[in-house]
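File shown here: work00.pdb, holding PDB, C-alpha atoms.
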```pdb
ATOM      1  CA  MET F1431      20.031  -3.257  -3.096  1.00  0.00           C
ATOM      2  CA  SER F1432      16.397  -3.679  -2.111  1.00  0.00           C
ATOM      3  CA  ILE F1433      13.290  -2.168  -3.688  1.00  0.00           C
ATOM      4  CA  GLN F1434      12.790  -0.199  -0.494  1.00  0.00           C
ATOM      5  CA  GLU F1435      16.239   1.381  -0.819  1.00  0.00           C
ATOM      6  CA  ILE F1436      15.535   2.257  -4.451  1.00  0.00           C
ATOM      7  CA  TYR F1437      12.203   3.747  -3.450  1.00  0.00           C
ATOM      8  CA  GLU F1438      13.822   5.841  -0.735  1.00  0.00           C
ATOM      9  CA  GLN F1439      16.439   7.101  -3.180  1.00  0.00           C
ATOM     10  CA  TYR F1440      14.195   7.928  -6.146  1.00  0.00           C
ATOM     11  CA  HIS F1441      10.604   8.339  -4.997  1.00  0.00           C
ATOM     12  CA  GLU F1442      10.615  12.083  -5.616  1.00  0.00           C
ATOM     13  CA  ASP F1443      11.521  11.606  -9.280  1.00  0.00           C
ATOM     14  CA  VAL F1444       9.877   8.281 -10.006  1.00  0.00           C
ATOM     15  CA  GLN F1445       6.350   7.072  -9.277  1.00  0.00           C
ATOM     16  CA  PHE F1446       6.488   3.632  -7.685  1.00  0.00           C
ATOM     17  CA  LEU F1447       3.484   1.361  -8.120  1.00  0.00           C
ATOM     18  CA  ASN F1448       3.345  -1.886  -6.221  1.00  0.00           C
ATOM     19  CA  ILE F1449       1.076  -4.230  -8.133  1.00  0.00           C
ATOM     20  CA  TYR F1450      -0.241  -7.257  -6.286  1.00  0.00           C
ATOM     21  CA  ILE F1451      -0.846 -10.049  -8.764  1.00  0.00           C
ATOM     22  CA  ARG F1452      -1.670 -13.718  -8.325  1.00  0.00           C
ATOM     23  CA  GLU F1453      -0.302 -15.351  -5.187  1.00  0.00           C
ATOM     24  CA  ALA F1454       2.903 -17.251  -5.952  1.00  0.00           C
ATOM     25  CA  HIS F1455       2.825 -19.866  -3.222  1.00  0.00           C
ATOM     26  CA  PRO F1456      -0.686 -20.453  -1.986  1.00  0.00           C
ATOM     27  CA  ILE F1457      -1.413 -23.608  -0.031  1.00  0.00           C
ATOM     28  CA  ASP F1458      -3.579 -24.845  -2.901  1.00  0.00           C
ATOM     29  CA  GLY F1459      -1.048 -23.914  -5.585  1.00  0.00           C
ATOM     30  CA  TRP F1460       2.713 -23.863  -5.826  1.00  0.00           C
ATOM     31  CA  TRP F1461       2.979 -24.734  -2.187  1.00  0.00           C
ATOM     32  CA  LEU F1462       6.505 -25.249  -0.973  1.00  0.00           C
ATOM     33  CA  GLY F1463       5.857 -28.393   0.918  1.00  0.00           C
ATOM     34  CA  ARG F1464       4.606 -29.430   4.278  1.00  0.00           C
ATOM     35  CA  ARG F1465       5.827 -28.317   7.662  1.00  0.00           C
ATOM     36  CA  LEU F1466       9.192 -30.019   7.549  1.00  0.00           C
ATOM     37  CA  THR F1467      10.063 -28.935   3.998  1.00  0.00           C
ATOM     38  CA  ARG F1468       8.884 -25.394   4.648  1.00  0.00           C
ATOM     39  CA  GLY F1469      11.022 -25.203   7.760  1.00  0.00           C
ATOM     40  CA  ILE F1470      14.088 -26.216   5.795  1.00  0.00           C
ATOM     41  CA  ILE F1471      13.320 -23.841   2.906  1.00  0.00           C
ATOM     42  CA  LYS F1472      12.835 -20.920   5.262  1.00  0.00           C
ATOM     43  CA  LYS F1473      16.169 -21.643   6.926  1.00  0.00           C
ATOM     44  CA  ILE F1474      18.057 -21.871   3.624  1.00  0.00           C
ATOM     45  CA  PHE F1475      16.397 -19.062   1.658  1.00  0.00           C
ATOM     46  CA  PRO F1476      15.517 -15.656   3.071  1.00  0.00           C
ATOM     47  CA  TYR F1477      13.042 -15.264   0.173  1.00  0.00           C
ATOM     48  CA  PRO F1478      10.276 -15.902  -0.387  1.00  0.00           C
ATOM     49  CA  LYS F1479       9.343 -14.814   3.115  1.00  0.00           C
ATOM     50  CA  ALA F1480       6.647 -17.306   2.485  1.00  0.00           C
ATOM     51  CA  SER F1481       3.969 -17.378   5.053  1.00  0.00           C
ATOM     52  CA  MET F1482       2.492 -20.080   2.822  1.00  0.00           C
ATOM     53  CA  ALA F1483      -0.537 -19.725   4.995  1.00  0.00           C
ATOM     54  CA  HIS F1484      -2.943 -18.451   2.371  1.00  0.00           C
ATOM     55  CA  TYR F1485      -5.155 -20.215  -0.093  1.00  0.00           C
ATOM     56  CA  ASP F1486      -5.332 -18.730  -3.578  1.00  0.00           C
ATOM     57  CA  PRO F1487      -7.853 -15.852  -3.314  1.00  0.00           C
ATOM     58  CA  GLN F1488     -11.042 -16.621  -5.231  1.00  0.00           C
ATOM     59  CA  THR F1489     -12.672 -13.197  -5.069  1.00  0.00           C
ATOM     60  CA  ILE F1490     -11.348  -9.661  -5.435  1.00  0.00           C
ATOM     61  CA  GLU F1491     -12.169  -9.054  -1.763  1.00  0.00           C
ATOM     62  CA  GLU F1492     -10.022 -12.017  -0.712  1.00  0.00           C
ATOM     63  CA  ARG F1493      -7.255 -10.871  -3.045  1.00  0.00           C
ATOM     64  CA  ARG F1494      -7.358  -7.349  -1.613  1.00  0.00           C
ATOM     65  CA  ALA F1495      -7.184  -8.751   1.899  1.00  0.00           C
ATOM     66  CA  VAL F1496      -4.015 -10.727   1.151  1.00  0.00           C
ATOM     67  CA  ALA F1497      -2.585  -7.741  -0.732  1.00  0.00           C
ATOM     68  CA  GLY F1498      -3.255  -5.661   2.378  1.00  0.00           C
ATOM     69  CA  GLU F1499      -1.228  -8.057   4.499  1.00  0.00           C
ATOM     70  CA  CYS F1500       1.500  -7.910   1.879  1.00  0.00           C
ATOM     71  CA  GLN F1501       1.497  -4.105   1.903  1.00  0.00           C
ATOM     72  CA  ALA F1502       1.707  -4.033   5.694  1.00  0.00           C
ATOM     73  CA  ALA F1503       4.520  -6.587   5.744  1.00  0.00           C
ATOM     74  CA  LEU F1504       6.577  -4.800   3.102  1.00  0.00           C
ATOM     75  CA  ALA F1505       6.090  -1.443   4.800  1.00  0.00           C
ATOM     76  CA  TYR F1506       7.648   0.495   1.909  1.00  0.00           C
ATOM     77  CA  GLY F1507       5.218   3.306   2.262  1.00  0.00           C
ATOM     78  CA  VAL F1508       4.221   2.506  -1.323  1.00  0.00           C
ATOM     79  CA  ARG F1509       0.529   2.048  -1.996  1.00  0.00           C
ATOM     80  CA  THR F1510      -0.325  -1.392  -3.327  1.00  0.00           C
ATOM     81  CA  TYR F1511      -2.751  -1.778  -6.234  1.00  0.00           C
ATOM     82  CA  VAL F1512      -4.470  -5.063  -6.909  1.00  0.00           C
ATOM     83  CA  ASP F1513      -4.836  -6.835 -10.235  1.00  0.00           C
ATOM     84  CA  GLU F1514      -8.406  -7.877 -11.027  1.00  0.00           C
ATOM     85  CA  MET F1515      -9.463 -11.519 -10.918  1.00  0.00           C
ATOM     86  CA  ASP F1516      -9.086 -11.848 -14.698  1.00  0.00           C
ATOM     87  CA  ASP F1517      -5.322 -11.297 -14.159  1.00  0.00           C
ATOM     88  CA  ALA F1518      -5.355  -8.845 -17.075  1.00  0.00           C
ATOM     89  CA  VAL F1519      -2.349  -6.790 -15.939  1.00  0.00           C
ATOM     90  CA  ASN F1520      -0.436  -9.869 -14.848  1.00  0.00           C
ATOM     91  CA  ASN F1521      -0.978 -11.427 -18.272  1.00  0.00           C
ATOM     92  CA  ALA F1522      -0.179  -8.233 -20.192  1.00  0.00           C
ATOM     93  CA  TYR F1523       3.187  -7.950 -18.461  1.00  0.00           C
ATOM     94  CA  ALA F1524       3.767 -11.697 -17.916  1.00  0.00           C
ATOM     95  CA  ALA F1525       4.446 -10.563 -14.381  1.00  0.00           C
ATOM     96  CA  TRP F1526       3.876 -13.697 -12.303  1.00  0.00           C
ATOM     97  CA  PRO F1527       5.506 -14.472  -9.950  1.00  0.00           C
ATOM     98  CA  THR F1528       7.523 -11.232  -9.849  1.00  0.00           C
ATOM     99  CA  ARG F1529       8.805  -8.706 -12.338  1.00  0.00           C
ATOM    100  CA  LEU F1530      10.179  -5.151 -12.410  1.00  0.00           C
ATOM    101  CA  CYS F1531       9.574  -2.559 -15.131  1.00  0.00           C
ATOM    102  CA  LEU F1532      10.439   1.067 -15.668  1.00  0.00           C
ATOM    103  CA  ILE F1533       8.110   3.122 -17.855  1.00  0.00           C
ATOM    104  CA  GLY F1534       9.343   6.389 -19.343  1.00  0.00           C
ATOM    105  CA  LEU F1535       7.621   9.747 -19.592  1.00  0.00           C
ATOM    106  CA  ASP F1536       6.493   8.836 -23.122  1.00  0.00           C
ATOM    107  CA  GLY F1537       4.713   5.707 -21.877  1.00  0.00           C
ATOM    108  CA  LYS F1538       7.288   3.378 -23.372  1.00  0.00           C
ATOM    109  CA  VAL F1539       9.066   0.616 -21.516  1.00  0.00           C
ATOM    110  CA  VAL F1540      12.560   1.721 -20.555  1.00  0.00           C
ATOM    111  CA  TYR F1541      13.498  -1.375 -18.599  1.00  0.00           C
ATOM    112  CA  ALA F1542      11.743  -4.720 -18.678  1.00  0.00           C
ATOM    113  CA  GLY F1543      13.186  -6.915 -15.972  1.00  0.00           C
ATOM    114  CA  GLY F1544      13.442 -10.633 -16.308  1.00  0.00           C
ATOM    115  CA  LEU F1545      10.940 -13.071 -14.962  1.00  0.00           C
ATOM    116  CA  GLY F1546      11.245 -13.500 -11.217  1.00  0.00           C
ATOM    117  CA  PRO F1547      12.498 -14.759  -8.995  1.00  0.00           C
ATOM    118  CA  TYR F1548      15.762 -15.359 -10.868  1.00  0.00           C
ATOM    119  CA  GLY F1549      15.331 -12.336 -13.149  1.00  0.00           C
ATOM    120  CA  PHE F1550      14.150 -10.109 -10.306  1.00  0.00           C
ATOM    121  CA  ARG F1551      17.159  -7.781 -10.093  1.00  0.00           C
ATOM    122  CA  PRO F1552      16.506  -4.557  -8.150  1.00  0.00           C
ATOM    123  CA  ALA F1553      20.057  -3.391  -8.913  1.00  0.00           C
ATOM    124  CA  LYS F1554      19.254  -3.435 -12.641  1.00  0.00           C
ATOM    125  CA  LEU F1555      16.123  -1.378 -12.030  1.00  0.00           C
ATOM    126  CA  GLN F1556      18.193   1.090 -10.035  1.00  0.00           C
ATOM    127  CA  ALA F1557      20.731   1.338 -12.875  1.00  0.00           C
ATOM    128  CA  ALA F1558      17.918   1.876 -15.401  1.00  0.00           C
ATOM    129  CA  ILE F1559      16.382   4.632 -13.260  1.00  0.00           C
ATOM    130  CA  GLU F1560      19.724   6.337 -12.776  1.00  0.00           C
ATOM    131  CA  SER F1561      20.490   6.213 -16.483  1.00  0.00           C
ATOM    132  CA  TYR F1562      17.012   7.400 -17.477  1.00  0.00           C
ATOM    133  CA  LEU F1563      16.991  10.340 -15.076  1.00  0.00           C
ATOM    134  CA  LYS F1564      20.386  11.461 -16.362  1.00  0.00           C
ATOM    135  CA  ARG F1565      19.114  11.388 -19.963  1.00  0.00           C
ATOM    136  CA  SER F1566      15.832  13.175 -19.350  1.00  0.00           C
TER     137      SER F1566
ATOM    138  CA  MET X1112       5.284 -41.468   6.690  1.00  0.00           C
ATOM    139  CA  THR X1113       8.978 -41.096   7.286  1.00  0.00           C
ATOM    140  CA  ILE X1114      10.762 -37.777   7.166  1.00  0.00           C
ATOM    141  CA  ILE X1115      12.673 -38.829   4.062  1.00  0.00           C
ATOM    142  CA  SER X1116       9.552 -39.813   2.134  1.00  0.00           C
ATOM    143  CA  GLU X1117       7.798 -36.565   3.134  1.00  0.00           C
ATOM    144  CA  LEU X1118      10.749 -34.536   1.872  1.00  0.00           C
ATOM    145  CA  PHE X1119      10.957 -36.602  -1.290  1.00  0.00           C
ATOM    146  CA  ASP X1120       7.238 -36.255  -2.074  1.00  0.00           C
ATOM    147  CA  ASP X1121       7.345 -32.510  -1.428  1.00  0.00           C
ATOM    148  CA  ALA X1122      10.374 -32.083  -3.656  1.00  0.00           C
ATOM    149  CA  LYS X1123       8.693 -34.029  -6.452  1.00  0.00           C
ATOM    150  CA  PHE X1124       5.585 -31.862  -6.195  1.00  0.00           C
ATOM    151  CA  VAL X1125       7.501 -28.576  -6.138  1.00  0.00           C
ATOM    152  CA  VAL X1126       9.604 -29.527  -9.152  1.00  0.00           C
ATOM    153  CA  SER X1127       6.682 -30.780 -11.246  1.00  0.00           C
ATOM    154  CA  TYR X1128       4.467 -27.805 -10.378  1.00  0.00           C
ATOM    155  CA  ARG X1129       7.220 -25.353 -11.203  1.00  0.00           C
ATOM    156  CA  LYS X1130       7.922 -27.062 -14.506  1.00  0.00           C
ATOM    157  CA  GLU X1131       4.269 -26.829 -15.499  1.00  0.00           C
ATOM    158  CA  LYS X1132       3.905 -23.192 -14.414  1.00  0.00           C
ATOM    159  CA  MET X1133       7.115 -22.047 -16.035  1.00  0.00           C
ATOM    160  CA  LYS X1134       6.028 -23.594 -19.334  1.00  0.00           C
ATOM    161  CA  SER X1135       2.892 -21.459 -19.464  1.00  0.00           C
ATOM    162  CA  GLN X1136       4.727 -18.427 -18.093  1.00  0.00           C
ATOM    163  CA  LYS X1137       7.320 -18.614 -20.867  1.00  0.00           C
ATOM    164  CA  LEU X1138       4.528 -18.330 -23.434  1.00  0.00           C
ATOM    165  CA  LEU X1139       3.331 -15.134 -21.752  1.00  0.00           C
ATOM    166  CA  ASP X1140       6.898 -13.930 -21.393  1.00  0.00           C
ATOM    167  CA  ALA X1141       7.358 -13.964 -25.152  1.00  0.00           C
ATOM    168  CA  ARG X1142       4.428 -11.547 -25.453  1.00  0.00           C
ATOM    169  CA  ALA X1143       5.468  -9.299 -22.551  1.00  0.00           C
ATOM    170  CA  PRO X1144       6.441  -5.736 -23.456  1.00  0.00           C
ATOM    171  CA  LYS X1145      10.111  -5.203 -24.115  1.00  0.00           C
ATOM    172  CA  ALA X1146      12.205  -2.038 -23.876  1.00  0.00           C
ATOM    173  CA  GLY X1147      10.925   0.456 -26.443  1.00  0.00           C
ATOM    174  CA  ASP X1148       7.389  -0.952 -26.547  1.00  0.00           C
ATOM    175  CA  ILE X1149       4.393   1.060 -25.396  1.00  0.00           C
ATOM    176  CA  ALA X1150       3.567  -0.121 -21.884  1.00  0.00           C
ATOM    177  CA  PRO X1151       0.112  -1.729 -21.695  1.00  0.00           C
ATOM    178  CA  ASP X1152      -2.153   0.729 -19.928  1.00  0.00           C
ATOM    179  CA  PHE X1153      -4.214  -0.242 -16.899  1.00  0.00           C
ATOM    180  CA  THR X1154      -6.391   1.117 -14.163  1.00  0.00           C
ATOM    181  CA  LEU X1155      -6.296  -0.717 -10.849  1.00  0.00           C
ATOM    182  CA  SER X1156      -7.746  -0.142  -7.404  1.00  0.00           C
ATOM    183  CA  ASP X1157      -5.847  -0.190  -4.140  1.00  0.00           C
ATOM    184  CA  ILE X1158      -6.398  -2.681  -1.316  1.00  0.00           C
ATOM    185  CA  SER X1159      -9.454  -0.793  -0.082  1.00  0.00           C
ATOM    186  CA  GLY X1160     -10.982  -0.751  -3.557  1.00  0.00           C
ATOM    187  CA  THR X1161     -11.640   2.976  -3.234  1.00  0.00           C
ATOM    188  CA  GLU X1162      -8.518   4.603  -4.700  1.00  0.00           C
ATOM    189  CA  SER X1163      -7.485   3.818  -8.244  1.00  0.00           C
ATOM    190  CA  VAL X1164      -4.491   4.521 -10.417  1.00  0.00           C
ATOM    191  CA  THR X1165      -4.122   4.677 -14.205  1.00  0.00           C
ATOM    192  CA  LEU X1166      -0.671   4.147 -15.643  1.00  0.00           C
ATOM    193  CA  SER X1167      -1.149   6.570 -18.540  1.00  0.00           C
ATOM    194  CA  ASP X1168      -1.938   9.405 -16.117  1.00  0.00           C
ATOM    195  CA  PHE X1169       1.784   9.627 -15.424  1.00  0.00           C
ATOM    196  CA  ARG X1170       2.727  10.215 -19.084  1.00  0.00           C
ATOM    197  CA  GLY X1171       4.675  13.425 -19.351  1.00  0.00           C
ATOM    198  CA  GLU X1172       4.621  13.737 -15.551  1.00  0.00           C
ATOM    199  CA  LYS X1173       6.885  11.106 -14.028  1.00  0.00           C
ATOM    200  CA  PRO X1174       8.566   7.857 -15.022  1.00  0.00           C
ATOM    201  CA  VAL X1175       6.942   4.886 -13.317  1.00  0.00           C
ATOM    202  CA  ALA X1176       8.552   1.890 -11.638  1.00  0.00           C
ATOM    203  CA  LEU X1177       6.248  -1.115 -11.635  1.00  0.00           C
ATOM    204  CA  VAL X1178       6.897  -3.691  -8.946  1.00  0.00           C
ATOM    205  CA  PHE X1179       4.851  -6.825  -9.564  1.00  0.00           C
ATOM    206  CA  GLY X1180       4.611  -9.468  -6.882  1.00  0.00           C
ATOM    207  CA  SER X1181       2.583 -11.198  -4.233  1.00  0.00           C
ATOM    208  CA  TYR X1182       2.811 -11.957  -0.529  1.00  0.00           C
ATOM    209  CA  THR X1183       4.696 -15.201  -0.933  1.00  0.00           C
TER     210      THR X1183
END
```
Reformat the file's structure so that it appears as structure tokens.
Amino acid sequence: MSIQEIYEQYHEDVQFLNIYIREAHPIDGWWLGRRLTRGIIKKIFPYPKASMAHYDPQTIEERRAVAGECQAALAYGVRTYVDEMDDAVNNAYAAWPTRLCLIGLDGKVVYAGGLGPYGFRPAKLQAAIESYLKRS
Amino acid sequence: MTIISELFDDAKFVVSYRKEKMKSQKLLDARAPKAGDIAPDFTLSDISGTESVTLSDFRGEKPVALVFGSYT
């Protein structure tokens, strides 16, 4: 199950916030190799759909620009919000490179997903939403 | 540079970089909010920088699914 499918199923009952944090695989960071290696990785793994064509944004304007490309590519229909350059939200949630959370009506964490990419389990988020909505 | 040595060098880099990043990320992970904790509040702007959202505004209104990620 994808995040988009979960969004389509629950968006009337749950507010979805897409938070763009620090780039996972910028050219000047955790770059997944040169042309040959990238080609192989892209053939083997559908994710990350790594363009690996961006340098790590150094200003909030650059970060917003990359986040805009991300929002357009994902095409969920979910507005993307951008973490500030101090990475405050990313650090508070230990969110990099990916993470899913569900926050309840009382402001408490209902589901704290594991650290991505291995702990990034949309099906577990869906189960947490389903269970929470039944309880509340 | 041969194909094999390019692949080998890339693999070495990816593995060492990941090891280093995951070490620091695990330290943050230990401090990350767990189920039952109050979610850290935040206010963030959208990609245009003109519209903002505050997590606590949804208290009592709607549960919130947070999807953290990046382009790659």
**OP:** One decimal, Å: what's the distance from atom CA of Cys1500 of chain F over to atom CA of Arg1529 of chain F, could you say?
**Re:**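 Result for atom CA of Cys1500 of chain F versus atom CA of Arg1529 of chain F: 16.0 Å, one decimal.
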Using 7 Å as the limit and counting all atoms listed in the file, can you tabulate each residue of chain F that touches chain X, with its shortest atom-to-atom distance in Å and the two atoms involved, as CSV?
```
residue,atom,partner,partner_atom,distance
F:Asp1443,CA,X:Lys1173,CA,6.7
F:Val1444,CA,X:Pro1174,CA,5.2
F:Gln1445,CA,X:Val1175,CA,4.6
F:Phe1446,CA,X:Ala1176,CA,4.8
F:Leu1447,CA,X:Leu1177,CA,5.1
F:Asn1448,CA,X:Val1178,CA,4.8
F:Ile1449,CA,X:Phe1179,CA,4.8
F:Tyr1450,CA,X:Ser1181,CA,5.3
F:Ile1451,CA,X:Ser1181,CA,5.8
F:Arg1452,CA,X:Ser1181,CA,6.4
F:Glu1453,CA,X:Ser1181,CA,5.1
F:Ala1454,CA,X:Thr1183,CA,5.7
F:His1455,CA,X:Thr1183,CA,5.5
F:Trp1460,CA,X:Tyr1128,CA,6.3
F:Leu1462,CA,X:Val1125,CA,6.2
F:Gly1463,CA,X:Asp1121,CA,5.0
F:Thr1467,CA,X:Leu1118,CA,6.0
F:Pro1478,CA,X:Thr1183,CA,5.7
F:Lys1479,CA,X:Thr1183,CA,6.2
F:Ala1480,CA,X:Thr1183,CA,4.5
F:Ser1481,CA,X:Thr1183,CA,6.4
F:Met1482,CA,X:Thr1183,CA,6.5
F:Arg1494,CA,X:Ile1158,CA,4.8
F:Ala1495,CA,X:Ile1158,CA,6.9
F:Ala1497,CA,X:Ile1158,CA,6.4
F:Gly1498,CA,X:Ile1158,CA,5.7
F:Cys1500,CA,X:Tyr1182,CA,4.9
F:Thr1510,CA,X:Asp1157,CA,5.7
F:Tyr1511,CA,X:Asp1157,CA,4.1
F:Val1512,CA,X:Asp1157,CA,5.8
F:Asp1513,CA,X:Leu1155,CA,6.3
F:Val1519,CA,X:Phe1153,CA,6.9
F:Asn1521,CA,X:Leu1139,CA,6.7
F:Ala1522,CA,X:Ala1143,CA,6.2
F:Tyr1523,CA,X:Ala1143,CA,4.9
F:Ala1524,CA,X:Leu1139,CA,5.2
F:Ala1525,CA,X:Phe1179,CA,6.1
F:Trp1526,CA,X:Gly1180,CA,6.9
F:Pro1527,CA,X:Gly1180,CA,5.9
F:Thr1528,CA,X:Gly1180,CA,4.5
F:Arg1529,CA,X:Phe1179,CA,5.2
F:Leu1530,CA,X:Val1178,CA,5.0
F:Cys1531,CA,X:Leu1177,CA,5.0
F:Leu1532,CA,X:Ala1176,CA,4.5
F:Ile1533,CA,X:Val1175,CA,5.0
F:Gly1534,CA,X:Pro1174,CA,4.6
F:Leu1535,CA,X:Gly1171,CA,4.7
F:Asp1536,CA,X:Arg1170,CA,5.7
F:Gly1537,CA,X:Arg1170,CA,5.7
F:Lys1538,CA,X:Ile1149,CA,4.2
F:Val1539,CA,X:Ala1146,CA,4.7
F:Val1540,CA,X:Ala1146,CA,5.0
F:Tyr1541,CA,X:Ala1146,CA,5.5
F:Ala1542,CA,X:Lys1145,CA,5.7
```
Original post:
At what distance in Å, to one decimal, does atom CA of Tyr1506 of chain F lie from atom CA of Gln1434 of chain F?
Top reply: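 Computed distance, atom CA of Gln1434 of chain F to atom CA of Tyr1506 of chain F, equals 5.7 Å.
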What's the 8 Å shell around Met1515 of chain F, counting only C-alpha atoms, without same-chain residues fewer than 4 positions away, as an mmCIF file with C-alpha atoms, keeping the file's coordinate frame?
```cif
data_model
loop_
_atom_site.group_PDB
_atom_site.id
_atom_site.type_symbol
_atom_site.label_atom_id
_atom_site.label_comp_id
_atom_site.auth_asym_id
_atom_site.auth_seq_id
_atom_site.Cartn_x
_atom_site.Cartn_y
_atom_site.Cartn_z
ATOM 1 C CA GLN F 1488 -11.042 -16.621 -5.231
ATOM 2 C CA THR F 1489 -12.672 -13.197 -5.069
ATOM 3 C CA ILE F 1490 -11.348 -9.661 -5.435
#
```
How big is the axis-aligned box around the listed atoms of segment 1167-1182 of chain X once 4 Å is added on each side, and where is its centre? Give both in Å to one decimal, as AutoDock Vina command-line options.
```
--center_x 3.3 --center_y 0.9 --center_z -9.9 --size_x 18.5 --size_y 33.7 --size_z 26.8
```
**OP:** Go ahead and compute the interatomic distance for atom CA of Lys1564 of chain F and atom CA of Leu1504 of chain F, in Å to one decimal.
**Re:** 28.9 Å
**OP:** Pick out the residues sitting within 8 Å of Met1431 of chain F, and hand them over as number ranges by chain; count all atoms listed in the file, and ignore anything fewer than 3 positions along from it in its own chain.
**Re:** F: 1435-1436, 1552-1553
N, CA and C atoms modelled onto segment 1494-1505 of chain F, as a short mmCIF file (atom, residue, chain, number, x, y, z; two decimals), in the coordinates of the input:
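Saved as rebuild.cif:
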```
data_model
loop_
_atom_site.label_atom_id
_atom_site.label_comp_id
_atom_site.auth_asym_id
_atom_site.auth_seq_id
_atom_site.Cartn_x
_atom_site.Cartn_y
_atom_site.Cartn_z
N ARG F 1494 -7.71 -8.63 -2.25
CA ARG F 1494 -7.36 -7.35 -1.61
C ARG F 1494 -6.91 -7.55 -0.17
N ALA F 1495 -7.55 -8.50 0.50
CA ALA F 1495 -7.18 -8.75 1.90
C ALA F 1495 -5.75 -9.27 2.00
N VAL F 1496 -5.39 -10.20 1.13
CA VAL F 1496 -4.01 -10.73 1.15
C VAL F 1496 -3.03 -9.64 0.72
N ALA F 1497 -3.44 -8.85 -0.28
CA ALA F 1497 -2.58 -7.74 -0.73
C ALA F 1497 -2.36 -6.74 0.40
N GLY F 1498 -3.38 -6.57 1.23
CA GLY F 1498 -3.26 -5.66 2.38
C GLY F 1498 -2.22 -6.16 3.37
N GLU F 1499 -2.23 -7.47 3.60
CA GLU F 1499 -1.23 -8.06 4.50
C GLU F 1499 0.16 -7.89 3.91
N CYS F 1500 0.22 -8.05 2.59
CA CYS F 1500 1.50 -7.91 1.88
C CYS F 1500 2.01 -6.47 2.02
N GLN F 1501 1.11 -5.52 1.81
CA GLN F 1501 1.50 -4.11 1.90
C GLN F 1501 2.00 -3.79 3.31
N ALA F 1502 1.31 -4.30 4.31
CA ALA F 1502 1.71 -4.03 5.69
C ALA F 1502 3.06 -4.67 6.00
N ALA F 1503 3.27 -5.88 5.47
CA ALA F 1503 4.52 -6.59 5.74
C ALA F 1503 5.71 -5.91 5.06
N LEU F 1504 5.48 -5.44 3.83
CA LEU F 1504 6.58 -4.80 3.10
C LEU F 1504 6.93 -3.46 3.71
N ALA F 1505 5.90 -2.72 4.12
CA ALA F 1505 6.09 -1.44 4.80
C ALA F 1505 7.01 -0.49 4.04
#
```
